[in-house]
file query-v8.cif (mmCIF, N, CA and C atoms)
data_final
loop_
_atom_site.label_atom_id
_atom_site.label_comp_id
_atom_site.auth_asym_id
_atom_site.auth_seq_id
_atom_site.Cartn_x
_atom_site.Cartn_y
_atom_site.Cartn_z
N MET A 1109 0.83 -1.17 0.00
CA MET A 1109 0.00 0.00 0.00
C MET A 1109 0.88 1.24 0.00
N THR A 1110 0.57 2.22 -0.85
CA THR A 1110 1.34 3.44 -0.90
C THR A 1110 0.75 4.45 0.07
N ALA A 1111 1.52 5.45 0.41
CA ALA A 1111 1.05 6.47 1.35
C ALA A 1111 -0.17 7.19 0.79
N GLY A 1112 -1.18 7.36 1.60
CA GLY A 1112 -2.39 8.05 1.18
C GLY A 1112 -3.38 7.16 0.45
N TYR A 1113 -3.01 5.94 0.12
CA TYR A 1113 -3.90 5.04 -0.61
C TYR A 1113 -4.75 4.26 0.37
N GLN A 1114 -6.04 4.18 0.08
CA GLN A 1114 -6.95 3.40 0.90
C GLN A 1114 -7.67 2.40 0.01
N GLU A 1115 -7.75 1.15 0.46
CA GLU A 1115 -8.45 0.14 -0.32
C GLU A 1115 -9.94 0.37 -0.32
N ASN A 1116 -10.46 0.89 0.78
CA ASN A 1116 -11.89 1.15 0.90
C ASN A 1116 -12.12 2.59 1.33
N GLN A 1117 -13.10 3.24 0.75
CA GLN A 1117 -13.51 4.56 1.16
C GLN A 1117 -14.59 4.38 2.22
N SER A 1118 -14.44 5.03 3.37
CA SER A 1118 -15.39 4.86 4.45
C SER A 1118 -16.00 6.20 4.82
N VAL A 1119 -17.32 6.22 4.94
CA VAL A 1119 -18.05 7.41 5.36
C VAL A 1119 -18.85 7.03 6.60
N GLN A 1120 -18.73 7.83 7.63
CA GLN A 1120 -19.45 7.58 8.88
C GLN A 1120 -20.70 8.46 8.89
N ASN A 1121 -21.83 7.87 9.28
CA ASN A 1121 -23.05 8.65 9.47
C ASN A 1121 -23.73 8.17 10.74
N SER A 1122 -24.91 8.68 11.03
CA SER A 1122 -25.59 8.35 12.29
C SER A 1122 -26.03 6.88 12.35
N MET A 1123 -26.11 6.21 11.22
CA MET A 1123 -26.54 4.82 11.18
C MET A 1123 -25.37 3.83 11.22
N GLY A 1124 -24.16 4.32 10.99
CA GLY A 1124 -22.99 3.46 10.93
C GLY A 1124 -22.03 3.96 9.87
N SER A 1125 -21.34 3.04 9.22
CA SER A 1125 -20.38 3.44 8.19
C SER A 1125 -20.73 2.80 6.85
N ILE A 1126 -20.28 3.46 5.81
CA ILE A 1126 -20.44 2.98 4.44
C ILE A 1126 -19.04 2.90 3.84
N LYS A 1127 -18.66 1.73 3.34
CA LYS A 1127 -17.35 1.54 2.75
C LYS A 1127 -17.50 1.21 1.27
N ILE A 1128 -16.69 1.87 0.45
CA ILE A 1128 -16.70 1.61 -0.99
C ILE A 1128 -15.32 1.12 -1.37
N SER A 1129 -15.25 -0.09 -1.89
CA SER A 1129 -14.00 -0.70 -2.30
C SER A 1129 -13.54 -0.15 -3.64
N ASP A 1130 -12.23 -0.16 -3.86
CA ASP A 1130 -11.71 0.23 -5.17
C ASP A 1130 -12.21 -0.70 -6.26
N ASP A 1131 -12.52 -1.96 -5.91
CA ASP A 1131 -13.08 -2.89 -6.89
C ASP A 1131 -14.43 -2.42 -7.41
N VAL A 1132 -15.22 -1.78 -6.55
CA VAL A 1132 -16.52 -1.25 -6.97
C VAL A 1132 -16.32 -0.16 -8.02
N VAL A 1133 -15.36 0.72 -7.78
CA VAL A 1133 -15.06 1.79 -8.73
C VAL A 1133 -14.61 1.20 -10.07
N LYS A 1134 -13.79 0.14 -10.01
CA LYS A 1134 -13.32 -0.49 -11.24
C LYS A 1134 -14.46 -1.13 -12.03
N VAL A 1135 -15.41 -1.76 -11.35
CA VAL A 1135 -16.55 -2.36 -12.04
C VAL A 1135 -17.41 -1.29 -12.69
N ILE A 1136 -17.65 -0.19 -11.98
CA ILE A 1136 -18.44 0.91 -12.55
C ILE A 1136 -17.74 1.44 -13.81
N ALA A 1137 -16.44 1.65 -13.73
CA ALA A 1137 -15.69 2.14 -14.89
C ALA A 1137 -15.76 1.14 -16.05
N GLY A 1138 -15.59 -0.15 -15.74
CA GLY A 1138 -15.64 -1.17 -16.78
C GLY A 1138 -16.99 -1.26 -17.46
N MET A 1139 -18.05 -1.18 -16.69
CA MET A 1139 -19.39 -1.23 -17.28
C MET A 1139 -19.67 0.02 -18.10
N THR A 1140 -19.13 1.15 -17.67
CA THR A 1140 -19.30 2.40 -18.41
C THR A 1140 -18.58 2.33 -19.75
N LEU A 1141 -17.39 1.72 -19.77
CA LEU A 1141 -16.64 1.57 -21.02
C LEU A 1141 -17.43 0.80 -22.07
N GLU A 1142 -18.25 -0.14 -21.60
CA GLU A 1142 -19.06 -0.95 -22.53
C GLU A 1142 -19.95 -0.08 -23.43
N GLY A 1143 -20.34 1.09 -22.93
CA GLY A 1143 -21.26 1.94 -23.68
C GLY A 1143 -20.61 3.00 -24.54
N VAL A 1144 -19.29 3.07 -24.57
CA VAL A 1144 -18.60 4.10 -25.35
C VAL A 1144 -18.23 3.54 -26.72
N LEU A 1145 -18.74 4.17 -27.76
CA LEU A 1145 -18.46 3.73 -29.13
C LEU A 1145 -16.98 3.91 -29.46
N GLY A 1146 -16.43 2.91 -30.11
CA GLY A 1146 -15.04 2.96 -30.53
C GLY A 1146 -14.09 2.28 -29.57
N VAL A 1147 -14.58 1.88 -28.39
CA VAL A 1147 -13.73 1.20 -27.42
C VAL A 1147 -13.76 -0.29 -27.71
N VAL A 1148 -12.58 -0.87 -27.85
CA VAL A 1148 -12.43 -2.31 -27.97
C VAL A 1148 -11.60 -2.73 -26.79
N ARG A 1149 -12.17 -3.54 -25.94
CA ARG A 1149 -11.46 -3.96 -24.72
C ARG A 1149 -10.35 -4.93 -25.07
N MET A 1150 -9.38 -5.08 -24.20
CA MET A 1150 -8.25 -5.98 -24.44
C MET A 1150 -8.66 -7.43 -24.38
N ASN A 1151 -9.74 -7.72 -23.71
CA ASN A 1151 -10.23 -9.10 -23.65
C ASN A 1151 -11.59 -9.16 -24.33
N SER A 1152 -11.93 -10.29 -24.90
CA SER A 1152 -13.16 -10.41 -25.68
C SER A 1152 -14.36 -10.85 -24.86
N SER A 1153 -14.16 -11.12 -23.57
CA SER A 1153 -15.25 -11.67 -22.77
C SER A 1153 -15.88 -10.64 -21.84
N THR A 1154 -15.91 -9.38 -22.24
CA THR A 1154 -16.43 -8.34 -21.37
C THR A 1154 -17.95 -8.40 -21.23
N THR A 1155 -18.62 -9.15 -22.06
CA THR A 1155 -20.07 -9.24 -21.91
C THR A 1155 -20.49 -10.15 -20.77
N ASP A 1156 -19.54 -10.89 -20.19
CA ASP A 1156 -19.83 -11.74 -19.04
C ASP A 1156 -19.66 -10.91 -17.77
N HIS A 1157 -20.73 -10.23 -17.35
CA HIS A 1157 -20.68 -9.35 -16.20
C HIS A 1157 -20.60 -10.12 -14.89
N SER A 1158 -20.78 -11.43 -14.90
CA SER A 1158 -20.67 -12.21 -13.67
C SER A 1158 -19.21 -12.37 -13.26
N ASN A 1159 -18.29 -12.17 -14.18
CA ASN A 1159 -16.88 -12.30 -13.88
C ASN A 1159 -16.25 -10.91 -13.88
N HIS A 1160 -16.18 -10.28 -12.70
CA HIS A 1160 -15.71 -8.90 -12.65
C HIS A 1160 -14.23 -8.77 -12.96
N LYS A 1161 -13.46 -9.86 -12.92
CA LYS A 1161 -12.05 -9.77 -13.30
C LYS A 1161 -11.93 -9.46 -14.79
N ASN A 1162 -12.80 -10.03 -15.63
CA ASN A 1162 -12.79 -9.70 -17.04
C ASN A 1162 -13.24 -8.27 -17.27
N LEU A 1163 -14.25 -7.85 -16.53
CA LEU A 1163 -14.82 -6.52 -16.69
C LEU A 1163 -13.84 -5.43 -16.26
N THR A 1164 -12.97 -5.73 -15.31
CA THR A 1164 -12.07 -4.72 -14.77
C THR A 1164 -10.63 -4.85 -15.28
N ARG A 1165 -10.42 -5.71 -16.22
CA ARG A 1165 -9.07 -5.89 -16.77
C ARG A 1165 -8.60 -4.58 -17.41
N GLY A 1166 -7.41 -4.15 -17.05
CA GLY A 1166 -6.86 -2.91 -17.59
C GLY A 1166 -7.35 -1.67 -16.87
N ILE A 1167 -7.98 -1.84 -15.71
CA ILE A 1167 -8.51 -0.70 -14.96
C ILE A 1167 -7.91 -0.70 -13.56
N LYS A 1168 -7.44 0.45 -13.13
CA LYS A 1168 -6.94 0.63 -11.77
C LYS A 1168 -7.66 1.82 -11.16
N ALA A 1169 -7.98 1.70 -9.88
CA ALA A 1169 -8.60 2.81 -9.14
C ALA A 1169 -7.83 3.00 -7.85
N GLU A 1170 -7.44 4.23 -7.59
CA GLU A 1170 -6.73 4.56 -6.36
C GLU A 1170 -7.56 5.55 -5.57
N LEU A 1171 -7.95 5.15 -4.36
CA LEU A 1171 -8.74 5.99 -3.48
C LEU A 1171 -7.84 6.66 -2.45
N SER A 1172 -8.07 7.95 -2.24
CA SER A 1172 -7.37 8.70 -1.21
C SER A 1172 -8.38 9.67 -0.61
N GLY A 1173 -8.85 9.37 0.60
CA GLY A 1173 -9.92 10.18 1.18
C GLY A 1173 -11.17 10.00 0.34
N ASN A 1174 -11.77 11.10 -0.08
CA ASN A 1174 -12.96 11.00 -0.94
C ASN A 1174 -12.60 11.23 -2.41
N LEU A 1175 -11.31 11.21 -2.73
CA LEU A 1175 -10.86 11.39 -4.12
C LEU A 1175 -10.48 10.05 -4.72
N VAL A 1176 -10.77 9.88 -5.99
CA VAL A 1176 -10.39 8.66 -6.70
C VAL A 1176 -9.73 9.03 -8.02
N THR A 1177 -8.64 8.33 -8.32
CA THR A 1177 -7.97 8.46 -9.60
C THR A 1177 -8.14 7.12 -10.32
N ILE A 1178 -8.59 7.19 -11.56
CA ILE A 1178 -8.87 5.99 -12.34
C ILE A 1178 -7.92 5.95 -13.54
N ASN A 1179 -7.26 4.82 -13.72
CA ASN A 1179 -6.36 4.61 -14.86
C ASN A 1179 -6.91 3.48 -15.71
N LEU A 1180 -7.09 3.77 -16.99
CA LEU A 1180 -7.69 2.82 -17.93
C LEU A 1180 -6.73 2.52 -19.07
N GLN A 1181 -6.64 1.25 -19.44
CA GLN A 1181 -5.88 0.83 -20.60
C GLN A 1181 -6.88 0.22 -21.58
N ILE A 1182 -6.95 0.81 -22.77
CA ILE A 1182 -7.96 0.37 -23.74
C ILE A 1182 -7.35 0.25 -25.14
N TRP A 1183 -8.11 -0.37 -26.00
CA TRP A 1183 -7.85 -0.40 -27.43
C TRP A 1183 -9.00 0.34 -28.11
N VAL A 1184 -8.70 1.01 -29.20
CA VAL A 1184 -9.71 1.75 -29.94
C VAL A 1184 -9.94 1.07 -31.29
N GLU A 1185 -11.19 1.05 -31.69
CA GLU A 1185 -11.54 0.47 -32.99
C GLU A 1185 -11.00 1.35 -34.11
N TYR A 1186 -10.40 0.72 -35.12
CA TYR A 1186 -9.85 1.44 -36.26
C TYR A 1186 -10.92 2.33 -36.89
N GLY A 1187 -10.55 3.55 -37.22
CA GLY A 1187 -11.46 4.48 -37.88
C GLY A 1187 -12.04 5.52 -36.93
N PHE A 1188 -11.97 5.28 -35.63
CA PHE A 1188 -12.48 6.24 -34.65
C PHE A 1188 -11.39 7.23 -34.28
N ASN A 1189 -11.78 8.46 -34.01
CA ASN A 1189 -10.85 9.49 -33.58
C ASN A 1189 -10.43 9.20 -32.14
N ILE A 1190 -9.17 8.90 -31.95
CA ILE A 1190 -8.68 8.46 -30.63
C ILE A 1190 -8.88 9.51 -29.55
N PRO A 1191 -8.50 10.79 -29.76
CA PRO A 1191 -8.74 11.78 -28.70
C PRO A 1191 -10.22 11.94 -28.36
N ASP A 1192 -11.10 11.86 -29.36
CA ASP A 1192 -12.54 11.97 -29.09
C ASP A 1192 -13.04 10.80 -28.25
N VAL A 1193 -12.61 9.59 -28.58
CA VAL A 1193 -13.01 8.41 -27.82
C VAL A 1193 -12.50 8.53 -26.38
N ALA A 1194 -11.25 8.94 -26.21
CA ALA A 1194 -10.67 9.08 -24.87
C ALA A 1194 -11.43 10.12 -24.05
N PHE A 1195 -11.80 11.25 -24.67
CA PHE A 1195 -12.56 12.28 -23.96
C PHE A 1195 -13.94 11.77 -23.56
N GLN A 1196 -14.59 11.03 -24.45
CA GLN A 1196 -15.90 10.45 -24.12
C GLN A 1196 -15.77 9.48 -22.93
N ILE A 1197 -14.70 8.70 -22.92
CA ILE A 1197 -14.45 7.78 -21.82
C ILE A 1197 -14.28 8.57 -20.52
N GLN A 1198 -13.44 9.59 -20.54
CA GLN A 1198 -13.19 10.39 -19.34
C GLN A 1198 -14.48 10.98 -18.79
N THR A 1199 -15.28 11.55 -19.67
CA THR A 1199 -16.53 12.18 -19.26
C THR A 1199 -17.51 11.17 -18.69
N ALA A 1200 -17.70 10.05 -19.39
CA ALA A 1200 -18.68 9.04 -18.97
C ALA A 1200 -18.28 8.35 -17.67
N VAL A 1201 -16.99 7.99 -17.55
CA VAL A 1201 -16.52 7.30 -16.35
C VAL A 1201 -16.61 8.23 -15.14
N LYS A 1202 -16.17 9.46 -15.29
CA LYS A 1202 -16.23 10.43 -14.19
C LYS A 1202 -17.67 10.60 -13.71
N LYS A 1203 -18.59 10.79 -14.64
CA LYS A 1203 -20.00 10.98 -14.28
C LYS A 1203 -20.57 9.75 -13.57
N ALA A 1204 -20.33 8.57 -14.11
CA ALA A 1204 -20.89 7.35 -13.54
C ALA A 1204 -20.35 7.08 -12.14
N VAL A 1205 -19.05 7.21 -11.96
CA VAL A 1205 -18.46 6.95 -10.64
C VAL A 1205 -18.95 7.96 -9.61
N GLU A 1206 -18.97 9.23 -9.98
CA GLU A 1206 -19.42 10.26 -9.04
C GLU A 1206 -20.88 10.10 -8.67
N GLU A 1207 -21.73 9.78 -9.66
CA GLU A 1207 -23.16 9.63 -9.37
C GLU A 1207 -23.44 8.41 -8.50
N MET A 1208 -22.72 7.31 -8.73
CA MET A 1208 -23.00 6.08 -8.00
C MET A 1208 -22.34 6.01 -6.63
N THR A 1209 -21.21 6.70 -6.45
CA THR A 1209 -20.47 6.56 -5.20
C THR A 1209 -20.39 7.83 -4.36
N ARG A 1210 -20.65 8.96 -4.96
CA ARG A 1210 -20.44 10.28 -4.34
C ARG A 1210 -18.98 10.57 -4.04
N LEU A 1211 -18.09 9.79 -4.62
CA LEU A 1211 -16.66 10.09 -4.55
C LEU A 1211 -16.36 11.16 -5.58
N ALA A 1212 -15.34 11.97 -5.34
CA ALA A 1212 -14.91 12.97 -6.31
C ALA A 1212 -13.82 12.34 -7.19
N VAL A 1213 -14.05 12.32 -8.48
CA VAL A 1213 -13.07 11.76 -9.40
C VAL A 1213 -12.02 12.83 -9.69
N ASN A 1214 -10.83 12.58 -9.23
CA ASN A 1214 -9.70 13.50 -9.38
C ASN A 1214 -9.18 13.49 -10.81
N ALA A 1215 -9.10 12.28 -11.41
CA ALA A 1215 -8.59 12.14 -12.77
C ALA A 1215 -9.05 10.82 -13.35
N VAL A 1216 -9.27 10.83 -14.66
CA VAL A 1216 -9.50 9.60 -15.43
C VAL A 1216 -8.42 9.61 -16.51
N ASN A 1217 -7.41 8.79 -16.30
CA ASN A 1217 -6.28 8.72 -17.23
C ASN A 1217 -6.50 7.55 -18.19
N VAL A 1218 -6.45 7.86 -19.48
CA VAL A 1218 -6.69 6.85 -20.51
C VAL A 1218 -5.40 6.59 -21.28
N THR A 1219 -4.99 5.33 -21.31
CA THR A 1219 -3.85 4.92 -22.12
C THR A 1219 -4.38 4.06 -23.25
N VAL A 1220 -4.17 4.52 -24.47
CA VAL A 1220 -4.59 3.75 -25.64
C VAL A 1220 -3.43 2.86 -26.02
N GLU A 1221 -3.63 1.56 -25.85
CA GLU A 1221 -2.56 0.59 -26.07
C GLU A 1221 -2.53 0.04 -27.48
N GLY A 1222 -3.58 0.29 -28.25
CA GLY A 1222 -3.59 -0.21 -29.60
C GLY A 1222 -4.84 0.16 -30.35
N VAL A 1223 -4.83 -0.18 -31.62
CA VAL A 1223 -5.97 0.03 -32.51
C VAL A 1223 -6.34 -1.33 -33.07
N SER A 1224 -7.63 -1.63 -33.10
CA SER A 1224 -8.08 -2.94 -33.54
C SER A 1224 -9.01 -2.80 -34.74
N ILE A 1225 -8.88 -3.74 -35.66
CA ILE A 1225 -9.80 -3.75 -36.80
C ILE A 1225 -11.03 -4.61 -36.51
N VAL A 1226 -11.03 -5.27 -35.35
CA VAL A 1226 -12.15 -6.10 -34.96
C VAL A 1226 -13.13 -5.25 -34.17
N LYS A 1227 -14.38 -5.23 -34.63
CA LYS A 1227 -15.41 -4.46 -33.92
C LYS A 1227 -15.84 -5.20 -32.69
N LYS A 1228 -16.17 -4.42 -31.61
CA LYS A 1228 -16.66 -5.07 -30.41
C LYS A 1228 -18.07 -5.57 -30.68
N THR A 1229 -18.43 -6.68 -30.04
CA THR A 1229 -19.74 -7.28 -30.26
C THR A 1229 -20.69 -6.89 -29.17
#

call {"tool": "encode", "arguments": {"input": "query-v8.cif", "output": "structure tokens"}}
result
Amino acid sequence: MTAGYQENQSVQNSMGSIKISDDVVKVIAGMTLEGVLGVVRMNSSTTDHSNHKNLTRGIKAELSGNLVTINLQIWVEYGFNIPDVAFQIQTAVKKAVEEMTRLAVNAVNVTVEGVSIVKKT
């Protein structure tokens, strides 16, 4: 564990505490990626939502207090504008994570690792 990194985000209220794991943030980001046109995931089995390891492959989330930094590694479908796809990813992931968790997304870093001629199914 690095300094300032927390595996779970915890909020205390009058009823008790609420903890959000970094794995939850990764699943939200992975499911959000499914809806962005031009994204081709590194693995072909992303439609199996019962296996969150497939859904979160290439995704890292680092929680520090109520801030989260998300790092994504993706492939883009040939013919799509890479900066536009990356911006759509950043916008969609930030919105989804913030709405579902109330965490503040500090950054969504997108690394495009390749271009694929195979369309996602």

call {"tool": "resolve_selection", "arguments": {"input": "query-v8.cif", "expression": "the PyMOL selection byres ((chain A and resi 1216-1227) around 5)", "output": "number ranges by chain"}}
result
A: 1178-1186, 1214-1215, 1228-1229

call {"tool": "write_last_selection", "arguments": {"input": "query-v8.cif", "atoms": "N, CA and C atoms", "output": "mmCIF file, in the frame of the given file"}}
result
data_model
loop_
_atom_site.group_PDB
_atom_site.id
_atom_site.type_symbol
_atom_site.label_atom_id
_atom_site.label_comp_id
_atom_site.auth_asym_id
_atom_site.auth_seq_id
_atom_site.Cartn_x
_atom_site.Cartn_y
_atom_site.Cartn_z
ATOM 1 N N ILE A 1178 -8.590 7.190 -11.560
ATOM 2 C CA ILE A 1178 -8.870 5.990 -12.340
ATOM 3 C C ILE A 1178 -7.920 5.950 -13.540
ATOM 4 N N ASN A 1179 -7.260 4.820 -13.720
ATOM 5 C CA ASN A 1179 -6.360 4.610 -14.860
ATOM 6 C C ASN A 1179 -6.910 3.480 -15.710
ATOM 7 N N LEU A 1180 -7.090 3.770 -16.990
ATOM 8 C CA LEU A 1180 -7.690 2.820 -17.930
ATOM 9 C C LEU A 1180 -6.730 2.520 -19.070
ATOM 10 N N GLN A 1181 -6.640 1.250 -19.440
ATOM 11 C CA GLN A 1181 -5.880 0.830 -20.600
ATOM 12 C C GLN A 1181 -6.880 0.220 -21.580
ATOM 13 N N ILE A 1182 -6.950 0.810 -22.770
ATOM 14 C CA ILE A 1182 -7.960 0.370 -23.740
ATOM 15 C C ILE A 1182 -7.350 0.250 -25.140
ATOM 16 N N TRP A 1183 -8.110 -0.370 -26.000
ATOM 17 C CA TRP A 1183 -7.850 -0.400 -27.430
ATOM 18 C C TRP A 1183 -9.000 0.340 -28.110
ATOM 19 N N VAL A 1184 -8.700 1.010 -29.200
ATOM 20 C CA VAL A 1184 -9.710 1.750 -29.940
ATOM 21 C C VAL A 1184 -9.940 1.070 -31.290
ATOM 22 N N GLU A 1185 -11.190 1.050 -31.690
ATOM 23 C CA GLU A 1185 -11.540 0.470 -32.990
ATOM 24 C C GLU A 1185 -11.000 1.350 -34.110
ATOM 25 N N TYR A 1186 -10.400 0.720 -35.120
ATOM 26 C CA TYR A 1186 -9.850 1.440 -36.260
ATOM 27 C C TYR A 1186 -10.920 2.330 -36.890
ATOM 28 N N ASN A 1214 -10.830 12.580 -9.230
ATOM 29 C CA ASN A 1214 -9.700 13.500 -9.380
ATOM 30 C C ASN A 1214 -9.180 13.490 -10.810
ATOM 31 N N ALA A 1215 -9.100 12.280 -11.410
ATOM 32 C CA ALA A 1215 -8.590 12.140 -12.770
ATOM 33 C C ALA A 1215 -9.050 10.820 -13.350
ATOM 34 N N LYS A 1228 -16.170 -4.420 -31.610
ATOM 35 C CA LYS A 1228 -16.660 -5.070 -30.410
ATOM 36 C C LYS A 1228 -18.070 -5.570 -30.680
ATOM 37 N N THR A 1229 -18.430 -6.680 -30.040
ATOM 38 C CA THR A 1229 -19.740 -7.280 -30.260
ATOM 39 C C THR A 1229 -20.690 -6.890 -29.170
#

call {"tool": "closest_residue", "arguments": {"input": "query-v8.cif", "among": "A:Gln1196, A:Glu1206, A:Asp1130, A:Val1147", "to": "A:Glu1170", "atoms": "only N, CA and C atoms"}}
result
A:Asp1130

call {"tool": "closest_residue", "arguments": {"input": "query-v8.cif", "among": "A:Ser1172, A:Ser1122, A:Gly1146, A:Gly1166", "to": "A:Asp1192", "atoms": "only C-alpha atoms"}}
result
A:Gly1146

call {"tool": "closest_residue", "arguments": {"input": "query-v8.cif", "among": "A:Ile1190, A:Leu1171, A:Val1148, A:Leu1163", "to": "A:Lys1127", "atoms": "only C-alpha atoms"}}
result
A:Leu1171

call {"tool": "residues_around", "arguments": {"input": "query-v8.cif", "residues": "A:Ala1137", "least_positions_apart": "4", "cutoff": "7 Å", "atoms": "all atoms listed in the file", "output": "PyMOL selection string"}}
result
chain A and resi 1132-1133+1141-1142+1163+1201+1204-1205

call {"tool": "atom_distance", "arguments": {"input": "query-v8.cif", "atom1": "atom CA of A:Thr1164", "atom2": "atom CA of A:Gly1138"}}
result
5.4 Å

call {"tool": "atom_distance", "arguments": {"input": "query-v8.cif", "atom1": "atom N of A:Lys1134", "atom2": "atom CA of A:Met1208"}}
result
11.1 Å

call {"tool": "atom_distance", "arguments": {"input": "query-v8.cif", "atom1": "atom CA of A:Pro1191", "atom2": "atom CA of A:Met1139"}}
result
20.3 Å

call {"tool": "select_by_dssp", "arguments": {"input": "query-v8.cif", "residues": "stretch 1125-1205 of chain A", "states": "helix (DSSP H, G or I)", "output": "short mmCIF file (atom, residue, chain, number, x, y, z; two decimals) with N, CA and C atoms, keeping the file's coordinate frame"}}
result
data_model
loop_
_atom_site.label_atom_id
_atom_site.label_comp_id
_atom_site.auth_asym_id
_atom_site.auth_seq_id
_atom_site.Cartn_x
_atom_site.Cartn_y
_atom_site.Cartn_z
N ASP A 1130 -12.23 -0.16 -3.86
CA ASP A 1130 -11.71 0.23 -5.17
C ASP A 1130 -12.21 -0.70 -6.26
N ASP A 1131 -12.52 -1.96 -5.91
CA ASP A 1131 -13.08 -2.89 -6.89
C ASP A 1131 -14.43 -2.42 -7.41
N VAL A 1132 -15.22 -1.78 -6.55
CA VAL A 1132 -16.52 -1.25 -6.97
C VAL A 1132 -16.32 -0.16 -8.02
N VAL A 1133 -15.36 0.72 -7.78
CA VAL A 1133 -15.06 1.79 -8.73
C VAL A 1133 -14.61 1.20 -10.07
N LYS A 1134 -13.79 0.14 -10.01
CA LYS A 1134 -13.32 -0.49 -11.24
C LYS A 1134 -14.46 -1.13 -12.03
N VAL A 1135 -15.41 -1.76 -11.35
CA VAL A 1135 -16.55 -2.36 -12.04
C VAL A 1135 -17.41 -1.29 -12.69
N ILE A 1136 -17.65 -0.19 -11.98
CA ILE A 1136 -18.44 0.91 -12.55
C ILE A 1136 -17.74 1.44 -13.81
N ALA A 1137 -16.44 1.65 -13.73
CA ALA A 1137 -15.69 2.14 -14.89
C ALA A 1137 -15.76 1.14 -16.05
N GLY A 1138 -15.59 -0.15 -15.74
CA GLY A 1138 -15.64 -1.17 -16.78
C GLY A 1138 -16.99 -1.26 -17.46
N MET A 1139 -18.05 -1.18 -16.69
CA MET A 1139 -19.39 -1.23 -17.28
C MET A 1139 -19.67 0.02 -18.10
N THR A 1140 -19.13 1.15 -17.67
CA THR A 1140 -19.30 2.40 -18.41
C THR A 1140 -18.58 2.33 -19.75
N LEU A 1141 -17.39 1.72 -19.77
CA LEU A 1141 -16.64 1.57 -21.02
C LEU A 1141 -17.43 0.80 -22.07
N HIS A 1160 -16.18 -10.28 -12.70
CA HIS A 1160 -15.71 -8.90 -12.65
C HIS A 1160 -14.23 -8.77 -12.96
N LYS A 1161 -13.46 -9.86 -12.92
CA LYS A 1161 -12.05 -9.77 -13.30
C LYS A 1161 -11.93 -9.46 -14.79
N ASN A 1162 -12.80 -10.03 -15.63
CA ASN A 1162 -12.79 -9.70 -17.04
C ASN A 1162 -13.24 -8.27 -17.27
N LEU A 1163 -14.25 -7.85 -16.53
CA LEU A 1163 -14.82 -6.52 -16.69
C LEU A 1163 -13.84 -5.43 -16.26
N ILE A 1190 -9.17 8.90 -31.95
CA ILE A 1190 -8.68 8.46 -30.63
C ILE A 1190 -8.88 9.51 -29.55
N PRO A 1191 -8.50 10.79 -29.76
CA PRO A 1191 -8.74 11.78 -28.70
C PRO A 1191 -10.22 11.94 -28.36
N ASP A 1192 -11.10 11.86 -29.36
CA ASP A 1192 -12.54 11.97 -29.09
C ASP A 1192 -13.04 10.80 -28.25
N VAL A 1193 -12.61 9.59 -28.58
CA VAL A 1193 -13.01 8.41 -27.82
C VAL A 1193 -12.50 8.53 -26.38
N ALA A 1194 -11.25 8.94 -26.21
CA ALA A 1194 -10.67 9.08 -24.87
C ALA A 1194 -11.43 10.12 -24.05
N PHE A 1195 -11.80 11.25 -24.67
CA PHE A 1195 -12.56 12.28 -23.96
C PHE A 1195 -13.94 11.77 -23.56
N GLN A 1196 -14.59 11.03 -24.45
CA GLN A 1196 -15.90 10.45 -24.12
C GLN A 1196 -15.77 9.48 -22.93
N ILE A 1197 -14.70 8.70 -22.92
CA ILE A 1197 -14.45 7.78 -21.82
C ILE A 1197 -14.28 8.57 -20.52
N GLN A 1198 -13.44 9.59 -20.54
CA GLN A 1198 -13.19 10.39 -19.34
C GLN A 1198 -14.48 10.98 -18.79
N THR A 1199 -15.28 11.55 -19.67
CA THR A 1199 -16.53 12.18 -19.26
C THR A 1199 -17.51 11.17 -18.69
N ALA A 1200 -17.70 10.05 -19.39
CA ALA A 1200 -18.68 9.04 -18.97
C ALA A 1200 -18.28 8.35 -17.67
N VAL A 1201 -16.99 7.99 -17.55
CA VAL A 1201 -16.52 7.30 -16.35
C VAL A 1201 -16.61 8.23 -15.14
N LYS A 1202 -16.17 9.46 -15.29
CA LYS A 1202 -16.23 10.43 -14.19
C LYS A 1202 -17.67 10.60 -13.71
N LYS A 1203 -18.59 10.79 -14.64
CA LYS A 1203 -20.00 10.98 -14.28
C LYS A 1203 -20.57 9.75 -13.57
N ALA A 1204 -20.33 8.57 -14.11
CA ALA A 1204 -20.89 7.35 -13.54
C ALA A 1204 -20.35 7.08 -12.14
N VAL A 1205 -19.05 7.21 -11.96
CA VAL A 1205 -18.46 6.95 -10.64
C VAL A 1205 -18.95 7.96 -9.61
#

call {"tool": "closest_residue", "arguments": {"input": "query-v8.cif", "among": "A:Leu1175, A:Ile1126, A:Ala1169, A:Val1193", "to": "A:Leu1145", "atoms": "all atoms listed in the file"}}
result
A:Val1193
